[in-house]
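Asker: Following this line is protein32.csv, made up of CSV, C-alpha atoms:
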chain,number,residue,atom,x,y,z
A,1,MET,CA,-9.7,-88.9,86.7
A,2,ASP,CA,-11.6,-88.0,89.9
A,3,VAL,CA,-14.9,-90.0,90.2
A,4,GLY,CA,-17.3,-89.1,92.9
A,5,ALA,CA,-20.9,-89.7,93.9
A,6,PHE,CA,-23.6,-87.0,93.8
A,7,ILE,CA,-26.1,-87.5,96.6
A,8,LEU,CA,-29.4,-85.7,96.7
A,9,ALA,CA,-31.1,-87.6,99.5
A,10,ALA,CA,-34.0,-87.9,97.1
A,11,GLN,CA,-37.4,-89.0,98.5
A,12,PHE,CA,-39.0,-91.4,96.1
A,13,PRO,CA,-42.8,-92.0,96.1
A,14,GLY,CA,-43.9,-94.1,99.1
A,15,GLN,CA,-40.7,-93.4,101.0
A,16,GLY,CA,-40.2,-91.5,104.3
A,17,GLN,CA,-37.7,-88.7,104.7
A,18,GLY,CA,-35.6,-90.6,107.1
A,19,GLU,CA,-35.3,-93.4,104.6
A,20,ALA,CA,-34.0,-91.0,102.0
A,21,LEU,CA,-31.4,-89.6,104.5
A,22,HIS,CA,-30.3,-93.0,105.6
A,23,ARG,CA,-29.7,-94.1,102.0
A,24,ALA,CA,-27.7,-90.9,101.5
A,25,VAL,CA,-25.4,-91.5,104.4
A,26,ARG,CA,-25.0,-95.2,103.6
A,27,SER,CA,-24.2,-94.4,100.0
A,28,ALA,CA,-21.4,-92.0,101.1
A,29,GLU,CA,-19.9,-94.6,103.4
A,30,LEU,CA,-19.8,-97.1,100.6
A,31,CYS,CA,-18.1,-94.6,98.3
A,32,GLU,CA,-15.2,-94.6,100.7
A,33,GLU,CA,-15.2,-98.3,101.1
A,34,THR,CA,-15.2,-98.9,97.3
A,35,GLY,CA,-12.5,-96.4,96.4
A,36,LEU,CA,-14.3,-93.5,95.0
A,37,ASP,CA,-12.7,-90.1,95.2
A,38,ALA,CA,-15.4,-87.8,96.5
A,39,VAL,CA,-19.0,-87.4,97.7
A,40,TRP,CA,-21.0,-84.3,96.7
A,41,VAL,CA,-24.1,-83.5,98.7
A,42,ALA,CA,-27.0,-81.4,97.6
A,43,GLU,CA,-29.3,-78.9,99.5
A,44,HIS,CA,-33.0,-78.3,99.1
A,45,HIS,CA,-35.8,-76.8,101.1
A,46,PHE,CA,-39.5,-77.8,101.4
A,47,VAL,CA,-39.5,-80.3,98.5
A,48,PRO,CA,-39.1,-84.1,98.3
A,49,TYR,CA,-36.7,-83.7,95.3
A,50,GLY,CA,-34.0,-83.8,98.0
A,51,VAL,CA,-34.7,-83.7,101.8
A,52,CYS,CA,-31.3,-82.5,103.0
A,53,PRO,CA,-31.8,-78.8,103.9
A,54,SER,CA,-28.1,-78.1,104.8
A,55,ALA,CA,-25.4,-79.5,102.7
A,56,VAL,CA,-22.6,-78.3,105.1
A,57,THR,CA,-24.3,-80.1,108.0
A,58,LEU,CA,-24.5,-83.4,106.1
A,59,ALA,CA,-20.9,-82.8,104.8
A,60,ALA,CA,-19.8,-82.5,108.4
A,61,LEU,CA,-21.4,-85.8,109.3
A,62,LEU,CA,-19.9,-87.5,106.3
A,63,LEU,CA,-16.4,-86.1,107.1
A,64,GLY,CA,-16.7,-87.6,110.5
A,65,ARG,CA,-17.8,-91.0,109.2
A,66,THR,CA,-14.9,-91.2,106.6
A,67,ARG,CA,-11.1,-90.9,106.7
A,68,ARG,CA,-9.9,-90.5,103.1
A,69,ILE,CA,-12.6,-89.4,100.7
A,70,GLY,CA,-13.2,-85.8,99.7
A,71,VAL,CA,-16.6,-84.3,100.6
A,72,GLY,CA,-18.2,-81.3,98.9
A,73,THR,CA,-21.4,-79.4,98.8
A,74,ALA,CA,-23.3,-79.4,95.5
A,75,VAL,CA,-24.3,-76.8,96.4
A,76,SER,CA,-24.8,-74.5,99.3
A,77,VAL,CA,-27.3,-71.9,98.1
A,78,LEU,CA,-25.8,-68.4,98.8
A,79,PRO,CA,-29.0,-66.3,98.4
A,80,THR,CA,-30.5,-68.1,101.4
A,81,ALA,CA,-27.4,-68.2,103.5
A,82,HIS,CA,-25.2,-65.5,105.2
A,83,PRO,CA,-21.8,-65.7,103.5
A,84,VAL,CA,-19.9,-65.1,106.7
A,85,ALA,CA,-21.8,-67.9,108.5
A,86,LEU,CA,-21.1,-70.2,105.5
A,87,GLY,CA,-17.5,-69.2,105.4
A,88,GLU,CA,-17.1,-70.0,109.1
A,89,GLN,CA,-18.6,-73.4,108.6
A,90,ALA,CA,-16.4,-74.1,105.6
A,91,ALA,CA,-13.2,-73.1,107.4
A,92,LEU,CA,-14.2,-75.3,110.4
A,93,LEU,CA,-14.7,-78.3,108.1
A,94,HIS,CA,-11.6,-77.6,106.2
A,95,LEU,CA,-9.4,-77.5,109.3
A,96,LEU,CA,-10.9,-80.4,111.1
A,97,SER,CA,-11.0,-82.7,108.1
A,98,GLY,CA,-7.4,-82.0,107.1
A,99,GLY,CA,-8.4,-80.3,103.8
A,100,ARG,CA,-10.9,-82.9,102.6
A,101,PHE,CA,-13.8,-80.4,102.3
A,102,THR,CA,-14.8,-78.5,99.1
A,103,LEU,CA,-17.4,-75.7,99.2
A,104,GLY,CA,-19.7,-75.7,96.2
A,105,VAL,CA,-22.0,-72.7,96.0
A,106,GLY,CA,-24.8,-71.6,93.7
A,107,ARG,CA,-27.4,-69.0,93.0
A,108,GLY,CA,-30.3,-71.4,93.4
A,109,GLY,CA,-33.7,-70.4,92.0
A,110,PRO,CA,-36.5,-67.9,92.6
A,111,TRP,CA,-38.2,-70.2,95.1
A,112,VAL,CA,-40.3,-69.5,98.2
A,113,ASP,CA,-37.1,-70.2,100.2
A,114,LEU,CA,-36.2,-66.5,99.7
A,115,GLU,CA,-39.4,-65.5,101.5
A,116,VAL,CA,-39.0,-68.0,104.3
A,117,PHE,CA,-35.4,-67.1,105.1
A,118,GLY,CA,-36.1,-63.3,104.7
A,119,SER,CA,-33.5,-62.7,102.0
A,120,GLY,CA,-35.9,-61.6,99.3
A,121,LEU,CA,-36.0,-61.9,95.5
A,122,GLY,CA,-33.1,-59.3,95.2
A,123,ALA,CA,-30.7,-61.7,96.8
A,124,TYR,CA,-31.4,-64.1,93.9
A,125,GLU,CA,-31.6,-61.6,91.1
A,126,ARG,CA,-28.8,-59.2,92.0
A,127,GLY,CA,-27.1,-60.3,95.2
A,128,PHE,CA,-25.1,-63.4,94.2
A,129,PRO,CA,-21.9,-61.5,93.2
A,130,GLU,CA,-21.8,-59.6,96.5
A,131,SER,CA,-22.4,-62.7,98.5
A,132,LEU,CA,-19.7,-64.7,96.6
A,133,ASP,CA,-17.1,-61.9,97.0
A,134,LEU,CA,-17.8,-61.6,100.7
A,135,LEU,CA,-17.5,-65.3,101.1
A,136,LEU,CA,-14.2,-65.4,99.3
A,137,ARG,CA,-12.8,-62.5,101.4
A,138,TRP,CA,-13.8,-64.4,104.5
A,139,LEU,CA,-11.9,-67.5,103.4
A,140,ARG,CA,-8.8,-65.6,102.4
A,141,GLU,CA,-8.3,-62.6,104.7
A,142,PRO,CA,-7.6,-62.2,108.5
A,143,ARG,CA,-10.1,-59.4,109.1
A,144,VAL,CA,-13.2,-58.6,107.1
A,145,GLY,CA,-15.8,-55.8,107.0
A,146,ALA,CA,-18.5,-55.0,104.5
A,147,ASP,CA,-20.2,-52.0,103.0
A,148,GLY,CA,-22.5,-53.5,100.3
A,149,GLU,CA,-26.1,-53.3,99.2
A,150,ARG,CA,-27.0,-56.4,101.2
A,151,PHE,CA,-24.3,-56.8,103.8
A,152,ALA,CA,-22.8,-54.0,105.9
A,153,PHE,CA,-20.8,-54.5,109.1
A,154,ARG,CA,-17.7,-53.2,110.9
A,155,GLU,CA,-14.5,-55.1,110.5
A,156,VAL,CA,-14.2,-58.2,112.6
A,157,ALA,CA,-11.6,-60.9,113.0
A,158,VAL,CA,-11.9,-64.1,111.0
A,159,VAL,CA,-12.2,-67.0,113.4
A,160,PRO,CA,-11.2,-69.7,112.7
A,161,ARG,CA,-8.8,-68.8,109.9
A,162,ALA,CA,-9.1,-71.4,107.2
A,163,ASP,CA,-5.3,-71.3,106.6
A,164,ASP,CA,-4.4,-71.5,110.3
A,165,ALA,CA,-3.2,-75.1,110.7
A,166,LEU,CA,-2.7,-76.8,107.3
A,167,ALA,CA,0.5,-75.1,106.0
A,168,GLY,CA,2.4,-77.7,104.0
A,169,ARG,CA,-0.3,-80.4,104.3
A,170,ALA,CA,-3.1,-79.1,102.1
A,171,ALA,CA,-4.5,-76.1,100.3
A,172,ASP,CA,-4.5,-73.1,102.5
A,173,THR,CA,-8.2,-72.5,102.2
A,174,PRO,CA,-11.1,-74.8,101.2
A,175,PRO,CA,-11.5,-75.1,97.5
A,176,VAL,CA,-14.6,-73.2,96.2
A,177,VAL,CA,-16.5,-74.3,93.0
A,178,VAL,CA,-19.5,-72.4,91.5
A,179,ALA,CA,-22.6,-74.0,90.0
A,180,CYS,CA,-22.9,-72.4,86.6
A,181,THR,CA,-26.2,-72.5,84.6
A,182,SER,CA,-26.0,-69.3,82.6
A,183,PRO,CA,-23.4,-67.3,80.7
A,184,SER,CA,-23.4,-64.7,83.5
A,185,SER,CA,-22.6,-67.2,86.2
A,186,VAL,CA,-19.8,-68.7,84.0
A,187,ARG,CA,-18.3,-65.2,83.6
A,188,LEU,CA,-18.7,-64.6,87.3
A,189,ALA,CA,-16.8,-67.8,88.2
A,190,ALA,CA,-14.1,-67.1,85.5
A,191,GLU,CA,-13.4,-63.6,86.6
A,192,ARG,CA,-12.8,-64.8,90.1
A,193,GLY,CA,-10.7,-67.7,88.9
A,194,LEU,CA,-13.1,-70.3,90.4
A,195,PRO,CA,-13.8,-73.7,88.8
A,196,MET,CA,-17.3,-74.6,87.7
A,197,LEU,CA,-19.8,-77.3,88.6
A,198,LEU,CA,-21.9,-78.1,85.5
A,199,GLY,CA,-25.3,-79.7,85.8
A,200,MET,CA,-26.5,-83.2,84.8
A,201,HIS,CA,-29.0,-81.8,82.2
A,202,CYS,CA,-26.1,-80.8,79.9
A,203,GLY,CA,-24.4,-82.9,77.3
A,204,ASP,CA,-20.8,-83.0,76.3
A,205,GLU,CA,-21.0,-80.5,73.5
A,206,GLU,CA,-22.7,-77.9,75.7
A,207,LYS,CA,-20.3,-78.4,78.5
A,208,ALA,CA,-17.3,-78.0,76.2
A,209,GLU,CA,-18.8,-74.7,75.0
A,210,VAL,CA,-19.2,-73.6,78.6
A,211,VAL,CA,-15.6,-74.5,79.4
A,212,GLY,CA,-14.5,-72.5,76.4
A,213,LEU,CA,-16.4,-69.4,77.5
A,214,TRP,CA,-15.1,-69.8,81.0
A,215,ARG,CA,-11.5,-70.0,79.8
A,216,LYS,CA,-11.9,-67.0,77.5
A,217,SER,CA,-13.5,-64.9,80.3
A,218,ALA,CA,-10.9,-65.8,82.8
A,219,LEU,CA,-8.1,-64.8,80.5
A,220,ALA,CA,-9.9,-61.6,79.5
A,221,ALA,CA,-10.2,-60.8,83.3
A,222,GLY,CA,-6.4,-60.9,83.6
A,223,ARG,CA,-6.0,-64.3,85.0
A,224,SER,CA,-2.6,-65.8,84.1
A,225,PRO,CA,-2.6,-68.8,81.8
A,226,GLU,CA,-1.1,-70.9,84.6
A,227,HIS,CA,-3.9,-69.9,87.0
A,228,VAL,CA,-6.5,-70.7,84.3
A,229,GLU,CA,-5.1,-74.1,83.7
A,230,ALA,CA,-4.9,-74.9,87.4
A,231,ALA,CA,-8.5,-73.8,88.0
A,232,ALA,CA,-9.8,-75.6,84.9
A,233,ALA,CA,-8.4,-78.8,86.2
A,234,ARG,CA,-10.9,-78.6,89.0
A,235,HIS,CA,-14.1,-78.2,87.0
A,236,VAL,CA,-16.7,-80.8,88.0
A,237,SER,CA,-19.3,-82.5,85.7
A,238,ALA,CA,-22.5,-83.7,87.3
A,239,GLY,CA,-24.2,-86.7,85.8
A,240,VAL,CA,-26.1,-89.9,86.5
A,241,VAL,CA,-24.6,-93.4,86.7
A,242,GLN,CA,-26.4,-96.7,86.7
A,243,ILE,CA,-24.5,-99.9,86.1
A,244,GLY,CA,-26.1,-103.1,84.8
A,245,ASP,CA,-25.0,-106.1,82.8
A,246,THR,CA,-26.5,-104.5,79.7
A,247,ARG,CA,-27.4,-100.9,78.8
A,248,PRO,CA,-31.2,-101.7,78.4
A,249,ALA,CA,-31.2,-103.3,81.9
A,250,ALA,CA,-29.5,-100.4,83.5
A,251,ALA,CA,-31.7,-97.8,81.7
A,252,GLU,CA,-34.8,-99.7,82.7
A,253,VAL,CA,-34.0,-99.3,86.3
A,254,LEU,CA,-33.8,-95.5,85.9
A,255,THR,CA,-36.8,-95.0,83.6
A,256,LYS,CA,-39.0,-97.0,85.9
A,257,ALA,CA,-38.0,-95.3,89.2
A,258,MET,CA,-36.9,-91.7,88.3
A,259,PRO,CA,-40.1,-90.3,86.7
A,260,GLY,CA,-42.1,-90.7,89.9
A,261,TRP,CA,-39.5,-88.9,92.0
A,262,LEU,CA,-38.9,-86.2,89.4
A,263,ARG,CA,-42.7,-85.6,89.1
A,264,GLN,CA,-43.4,-85.1,92.8
A,265,GLY,CA,-40.1,-83.4,93.4
A,266,LEU,CA,-40.2,-80.8,90.7
A,267,GLU,CA,-43.9,-80.1,91.1
A,268,ALA,CA,-43.3,-79.2,94.7
A,269,HIS,CA,-41.1,-76.1,93.9
A,270,VAL,CA,-43.0,-72.9,94.5
A,271,THR,CA,-41.8,-69.6,93.1
A,272,VAL,CA,-41.5,-66.6,95.5
A,273,ASP,CA,-43.3,-64.2,93.2
A,274,GLY,CA,-45.8,-66.4,91.4
A,275,ARG,CA,-43.9,-66.4,88.1
A,276,GLU,CA,-44.8,-69.3,85.8
A,277,ARG,CA,-42.4,-72.1,85.5
A,278,ARG,CA,-42.2,-74.9,83.0
A,279,MET,CA,-41.6,-78.3,84.4
A,280,ARG,CA,-39.7,-80.9,82.4
A,281,ASP,CA,-41.5,-84.0,81.4
A,282,PRO,CA,-40.4,-86.5,84.0
A,283,VAL,CA,-40.3,-89.5,81.6
A,284,GLY,CA,-38.5,-87.6,78.9
A,285,TYR,CA,-36.0,-86.1,81.4
A,286,ALA,CA,-35.2,-89.6,82.7
A,287,GLU,CA,-34.6,-90.8,79.2
A,288,LEU,CA,-32.5,-87.8,78.4
A,289,LEU,CA,-30.3,-88.5,81.4
A,290,CYS,CA,-29.9,-92.1,80.4
A,291,GLY,CA,-28.7,-91.0,77.0
A,292,LEU,CA,-26.2,-88.4,78.3
A,293,HIS,CA,-24.5,-90.2,81.0
A,294,PRO,CA,-22.8,-93.5,82.0
A,295,VAL,CA,-25.8,-95.9,82.1
A,296,GLY,CA,-25.0,-99.5,81.1
A,297,SER,CA,-22.3,-102.1,81.5
A,298,PRO,CA,-19.1,-101.3,83.4
A,299,ARG,CA,-17.2,-101.1,80.1
A,300,LEU,CA,-19.8,-98.8,78.5
A,301,CYS,CA,-19.8,-96.6,81.7
A,302,ALA,CA,-16.0,-96.3,81.7
A,303,ASP,CA,-15.9,-95.5,78.0
A,304,ARG,CA,-18.6,-92.9,78.5
A,305,LEU,CA,-16.7,-91.1,81.3
A,306,ALA,CA,-13.5,-91.2,79.3
A,307,ALA,CA,-15.3,-89.8,76.2
A,308,THR,CA,-16.8,-86.9,78.3
A,309,ALA,CA,-13.4,-86.1,79.7
A,310,GLU,CA,-11.8,-86.0,76.3
A,311,ARG,CA,-14.6,-83.9,74.7
A,312,THR,CA,-15.0,-81.4,77.6
A,313,GLY,CA,-11.6,-81.3,79.3
A,314,ILE,CA,-13.4,-82.0,82.6
A,315,HIS,CA,-11.9,-84.8,84.6
A,316,ARG,CA,-13.9,-84.6,87.8
A,317,PHE,CA,-17.3,-86.2,88.1
A,318,ALA,CA,-20.2,-86.1,90.5
A,319,LEU,CA,-22.5,-89.0,89.5
A,320,LEU,CA,-26.0,-89.5,90.9
A,321,VAL,CA,-25.9,-93.0,92.3
A,322,GLU,CA,-29.4,-93.2,93.9
A,323,GLY,CA,-31.5,-93.1,90.7
A,324,SER,CA,-33.1,-96.5,91.5
A,325,GLY,CA,-34.6,-95.1,94.7
A,326,ASP,CA,-33.8,-98.4,96.5
A,327,LEU,CA,-31.2,-98.8,99.1
A,328,ALA,CA,-30.0,-102.3,98.1
A,329,ALA,CA,-29.9,-101.3,94.4
A,330,THR,CA,-28.0,-98.1,95.3
A,331,GLU,CA,-25.5,-100.0,97.3
A,332,GLU,CA,-24.9,-102.4,94.4
A,333,ASN,CA,-24.5,-99.5,92.0
A,334,VAL,CA,-21.9,-97.8,94.2
A,335,ARG,CA,-20.0,-101.1,94.6
A,336,ARG,CA,-20.0,-101.8,90.9
A,337,LEU,CA,-18.9,-98.2,90.2
A,338,GLY,CA,-15.9,-98.6,92.5
A,339,GLY,CA,-15.1,-102.2,91.9
A,340,GLU,CA,-15.8,-102.6,88.1
A,341,VAL,CA,-15.7,-99.1,86.5
A,342,LEU,CA,-12.8,-97.4,88.3
A,343,PRO,CA,-10.3,-100.1,87.4
A,344,LEU,CA,-11.1,-99.7,83.7
A,345,LEU,CA,-10.4,-96.0,84.0
A,346,ARG,CA,-7.1,-96.4,85.9
Can you present the structure in this file as structure tokens?

Answerer:
Amino acid sequence: MDVGAFILAAQFPGQGQGEALHRAVRSAELCEETGLDAVWVAEHHFVPYGVCPSAVTLAALLLGRTRRIGVGTAVSVLPTAHPVALGEQAALLHLLSGGRFTLGVGRGGPWVDLEVFGSGLGAYERGFPESLDLLLRWLREPRVGADGERFAFREVAVVPRADDALAGRAADTPPVVVACTSPSSVRLAAERGLPMLLGMHCGDEEKAEVVGLWRKSALAAGRSPEHVEAAAARHVSAGVVQIGDTRPAAAEVLTKAMPGWLRQGLEAHVTVDGRERRMRDPVGYAELLCGLHPVGSPRLCADRLAATAERTGIHRFALLVEGSGDLAATEENVRRLGGEVLPLLR
């Protein structure tokens, strides 16, 4: 089982942005110290839900601060990024880290980001497959040109090549995972043989159904059973973790702290076209997350992770560790996850 931390750099009420970013970096450093397998960093624009605007930039910093742990983006938003630029950055991090970097990509939402970065609503509604395919070609081929609806350019050399210096030491190219929140994104990932990142709002039953759809779609697209099994082993389940001496004590930490962050963070999202959006009830959402994920004693958390792995077939986890909003409490949470939960799983 591969257990990692999911780091949003969440800005809780009353906190500064620098405080949120410091907590994010310190949490990642502790993940390496306490034996976790990976750190996954998120990307958001213009909202306190998460104040890291570039997951690849933060990933680069964390790769430089660590020596063993894997670092991934969860996720880099393709509609607001140029896939070639993102591919160049991913190749650079892959090579310089010795293969420790994973590129997670997603479609994002219909937010004002599309206006600010000039990509437009079409990049969100129609352009994700084109962007993803161009990104994959950049990571896998020596020369790339494009003649698509959004991207068109003459053939150029791929520099640096992601497979240039790691032969025999690591995967030839950085692993790519796709955030999937709809059947269409599941089929898109499956057809390309890419593993999924599934969100923390989903329970085990829903995730198991999504994995089933992915497997069926991958086989229907002509992927070999061996390729399907290898890719399926790299699915990632996002969740929340809070460790306490008892479940009520752990849940209380989250239900006191998370609603304020969720309320201000989710309310700050602005749609690019003025479409109405329904915001989750912050208290109800915090309670839902406590019910779905490992929140409680170390034994309860270990059993919960093992049960999710058995029910869904997913054995890689990205767990939000900063739900308390407090640096000292987050540090304790990471230490207990590495020191008390991991030994029970291994």

Asker: Pick from A:Gly108, A:Gly148, A:Pro195, A:Gly244: nearest to A:Cys301, with only C-alpha atoms counted?

Answerer: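 Checking each of A:Gly108, A:Gly148, A:Pro195, A:Gly244 against A:Cys301, counting only C-alpha atoms, the winner is A:Gly244.
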
Asker: Can you tell me which residues surround A:Leu92 at a distance of at most 8 Å, considering only C-alpha atoms, apart from same-chain residues fewer than 3 positions away, and format the answer as a ChimeraX atom specification?

Answerer: /A:88-89,95-96,160,162

Asker: Please, could you write that set of residues out with C-alpha atoms as a PDB file, in the coordinates of the input?

Answerer:
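Saved to part-v9.pdb:
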ATOM      1  CA  GLU A  88     -17.100 -70.000 109.100  1.00  0.00           C
ATOM      2  CA  GLN A  89     -18.600 -73.400 108.600  1.00  0.00           C
ATOM      3  CA  LEU A  95      -9.400 -77.500 109.300  1.00  0.00           C
ATOM      4  CA  LEU A  96     -10.900 -80.400 111.100  1.00  0.00           C
ATOM      5  CA  PRO A 160     -11.200 -69.700 112.700  1.00  0.00           C
ATOM      6  CA  ALA A 162      -9.100 -71.400 107.200  1.00  0.00           C
TER       7      ALA A 162
END

Asker: Give me, please, the distance in Å between atom CA of A:Gly212 and atom CA of A:Gly313, quoted to one decimal.

Answerer: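 According to the coordinates, atom CA of A:Gly212 and atom CA of A:Gly313 are separated by 9.7 Å.
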
Asker: Quick one: everything within 12 Å of A:His22, counting all atoms listed in the file, minus sequence neighbours fewer than 2 positions away in the same chain. Send it as a ChimeraX atom specification.

Answerer: /A:7-11,15-20,24-29,51-52,58,62,322,325-328,330-331

Asker: Can you work out the spacing between atom CA of A:Glu310 and atom CA of A:Leu103 in Å, to one decimal?

Answerer: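 Between these atoms lies a distance of 25.7 Å.
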
Asker: I need the residue nearest A:Arg100 from this list: A:Ala59, A:Leu78, A:Ala189, A:Val47. Use only C-alpha atoms for the distance.

Answerer: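 Using only C-alpha atoms, the shortest distance to A:Arg100 belongs to A:Ala59.
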
Asker: Using all atoms listed in the file, pick whichever of A:Val156, A:Val41, A:Leu134, A:Leu319 has the shortest atom-to-atom distance to A:Ile243.

Answerer: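 Result for the nearest residue to A:Ile243: A:Leu319.
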
Asker: List the neighbours of A:Ala268 out to 12 Å using only C-alpha atoms; skip same-chain residues closer than 3 positions along the sequence, and give me the result as a list in words.

Answerer: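 Surrounding residues, per the criterion: His44, His45, Phe46, Val47, Pro48, Tyr49, Gly50, Trp111, Val112, Trp261, Leu262, Arg263, Gln264, Gly265, Thr271, Arg277 and Met279 of chain A.
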
Asker: Just to be explicit: take each residue in the selection above, keep C-alpha atoms, and write the result as a compact mmCIF listing (two decimals), in the coordinates of the input.

Answerer:
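Okay, out22.txt is ready:
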# COMPACT_ATOMS: atom_id res chain seq x y z
CA HIS A 44 -33.00 -78.30 99.10
CA HIS A 45 -35.80 -76.80 101.10
CA PHE A 46 -39.50 -77.80 101.40
CA VAL A 47 -39.50 -80.30 98.50
CA PRO A 48 -39.10 -84.10 98.30
CA TYR A 49 -36.70 -83.70 95.30
CA GLY A 50 -34.00 -83.80 98.00
CA TRP A 111 -38.20 -70.20 95.10
CA VAL A 112 -40.30 -69.50 98.20
CA TRP A 261 -39.50 -88.90 92.00
CA LEU A 262 -38.90 -86.20 89.40
CA ARG A 263 -42.70 -85.60 89.10
CA GLN A 264 -43.40 -85.10 92.80
CA GLY A 265 -40.10 -83.40 93.40
CA THR A 271 -41.80 -69.60 93.10
CA ARG A 277 -42.40 -72.10 85.50
CA MET A 279 -41.60 -78.30 84.40

Asker: Between atom CA of A:Ala5 and atom CA of A:Gly72, what is the distance in Å, rounded to a tenth?

Answerer: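 Here the two named atoms are 10.1 Å from each other.
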
Asker: Quick one: of A:Ser324, A:Leu194, A:Thr181, A:Gln242, who's nearest to A:Ala230, counting all atoms listed in the file?

Answerer: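 When distances to A:Ala230 are compared using all atoms listed in the file, the smallest one comes from A:Leu194.
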
Asker: Tell me which of A:Phe128, A:Gly291, A:Thr66, A:Gly118 sits closest to A:Thr255, counting only C-alpha atoms.

Answerer: A:Gly291

Asker: From the list A:Gly120, A:Pro53, A:Gly284, A:Pro110, which residue is nearest A:Pro259 when using all atoms listed in the file?

Answerer: A:Gly284

Asker: Quick one: residues within 7 Å of A:Val334, all atoms listed in the file counted, chain neighbours fewer than 2 positions away excluded, as a list of chain:residue names?

Answerer: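 Selected residues are A:Leu30, A:Cys31, A:Val321, A:Thr330, A:Glu331, A:Glu332, A:Arg336, A:Leu337, A:Gly338.
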
Asker: Take the point (-18.8, -91.7, 79.3) as written in the file and pick out every residue within 12 Å of it, counting only C-alpha atoms; give the list as a PyMOL selection string.

Answerer: chain A and resi 3+203-204+237-242+290-312+314-315+317+319+341+344-345

Asker: Extract, using all atoms listed in the file, all DNA, RNA and protein residues at most 12 Å from A:Arg223, discarding same-chain residues fewer than 5 positions from it, and format them as a ChimeraX atom specification.

Answerer: /A:189-194,214-218,228-232

Asker: Please complete stretch 260-272 of chain A so it has N, CA, C and O atoms, and hand it over as a compact mmCIF listing (two decimals), in the frame of the given file.

Answerer:
# COMPACT_ATOMS: atom_id res chain seq x y z
N GLY A 260 -41.28 -90.93 88.73
CA GLY A 260 -42.10 -90.70 89.90
C GLY A 260 -41.50 -89.69 90.85
O GLY A 260 -42.16 -88.78 91.37
N TRP A 261 -40.21 -89.88 91.11
CA TRP A 261 -39.50 -88.90 92.00
C TRP A 261 -39.39 -87.57 91.34
O TRP A 261 -39.64 -86.54 92.01
N LEU A 262 -39.06 -87.50 90.06
CA LEU A 262 -38.90 -86.20 89.40
C LEU A 262 -40.28 -85.46 89.39
O LEU A 262 -40.33 -84.25 89.62
N ARG A 263 -41.36 -86.21 89.14
CA ARG A 263 -42.70 -85.60 89.10
C ARG A 263 -43.03 -84.92 90.40
O ARG A 263 -43.36 -83.74 90.48
N GLN A 264 -42.96 -85.67 91.48
CA GLN A 264 -43.40 -85.10 92.80
C GLN A 264 -42.34 -84.10 93.29
O GLN A 264 -42.70 -83.12 93.95
N GLY A 265 -41.08 -84.31 92.95
CA GLY A 265 -40.10 -83.40 93.40
C GLY A 265 -40.08 -82.05 92.74
O GLY A 265 -39.99 -80.99 93.37
N LEU A 266 -40.22 -82.07 91.41
CA LEU A 266 -40.20 -80.80 90.70
C LEU A 266 -41.52 -80.06 90.81
O LEU A 266 -41.52 -78.82 90.84
N GLU A 267 -42.62 -80.78 90.93
CA GLU A 267 -43.90 -80.10 91.10
C GLU A 267 -43.99 -79.36 92.43
O GLU A 267 -44.75 -78.40 92.56
N ALA A 268 -43.22 -79.78 93.41
CA ALA A 268 -43.30 -79.20 94.70
C ALA A 268 -42.61 -77.82 94.83
O ALA A 268 -42.83 -77.08 95.80
N HIS A 269 -41.79 -77.45 93.86
CA HIS A 269 -41.10 -76.10 93.90
C HIS A 269 -42.16 -75.04 93.69
O HIS A 269 -42.97 -75.09 92.77
N VAL A 270 -42.11 -74.04 94.55
CA VAL A 270 -43.00 -72.90 94.50
C VAL A 270 -42.20 -71.62 94.32
O VAL A 270 -41.25 -71.37 95.07
N THR A 271 -42.54 -70.81 93.32
CA THR A 271 -41.80 -69.60 93.10
C THR A 271 -42.23 -68.52 94.12
O THR A 271 -43.37 -68.48 94.57
N VAL A 272 -41.29 -67.64 94.46
CA VAL A 272 -41.50 -66.60 95.50
C VAL A 272 -42.48 -65.55 95.02
O VAL A 272 -43.21 -64.94 95.82
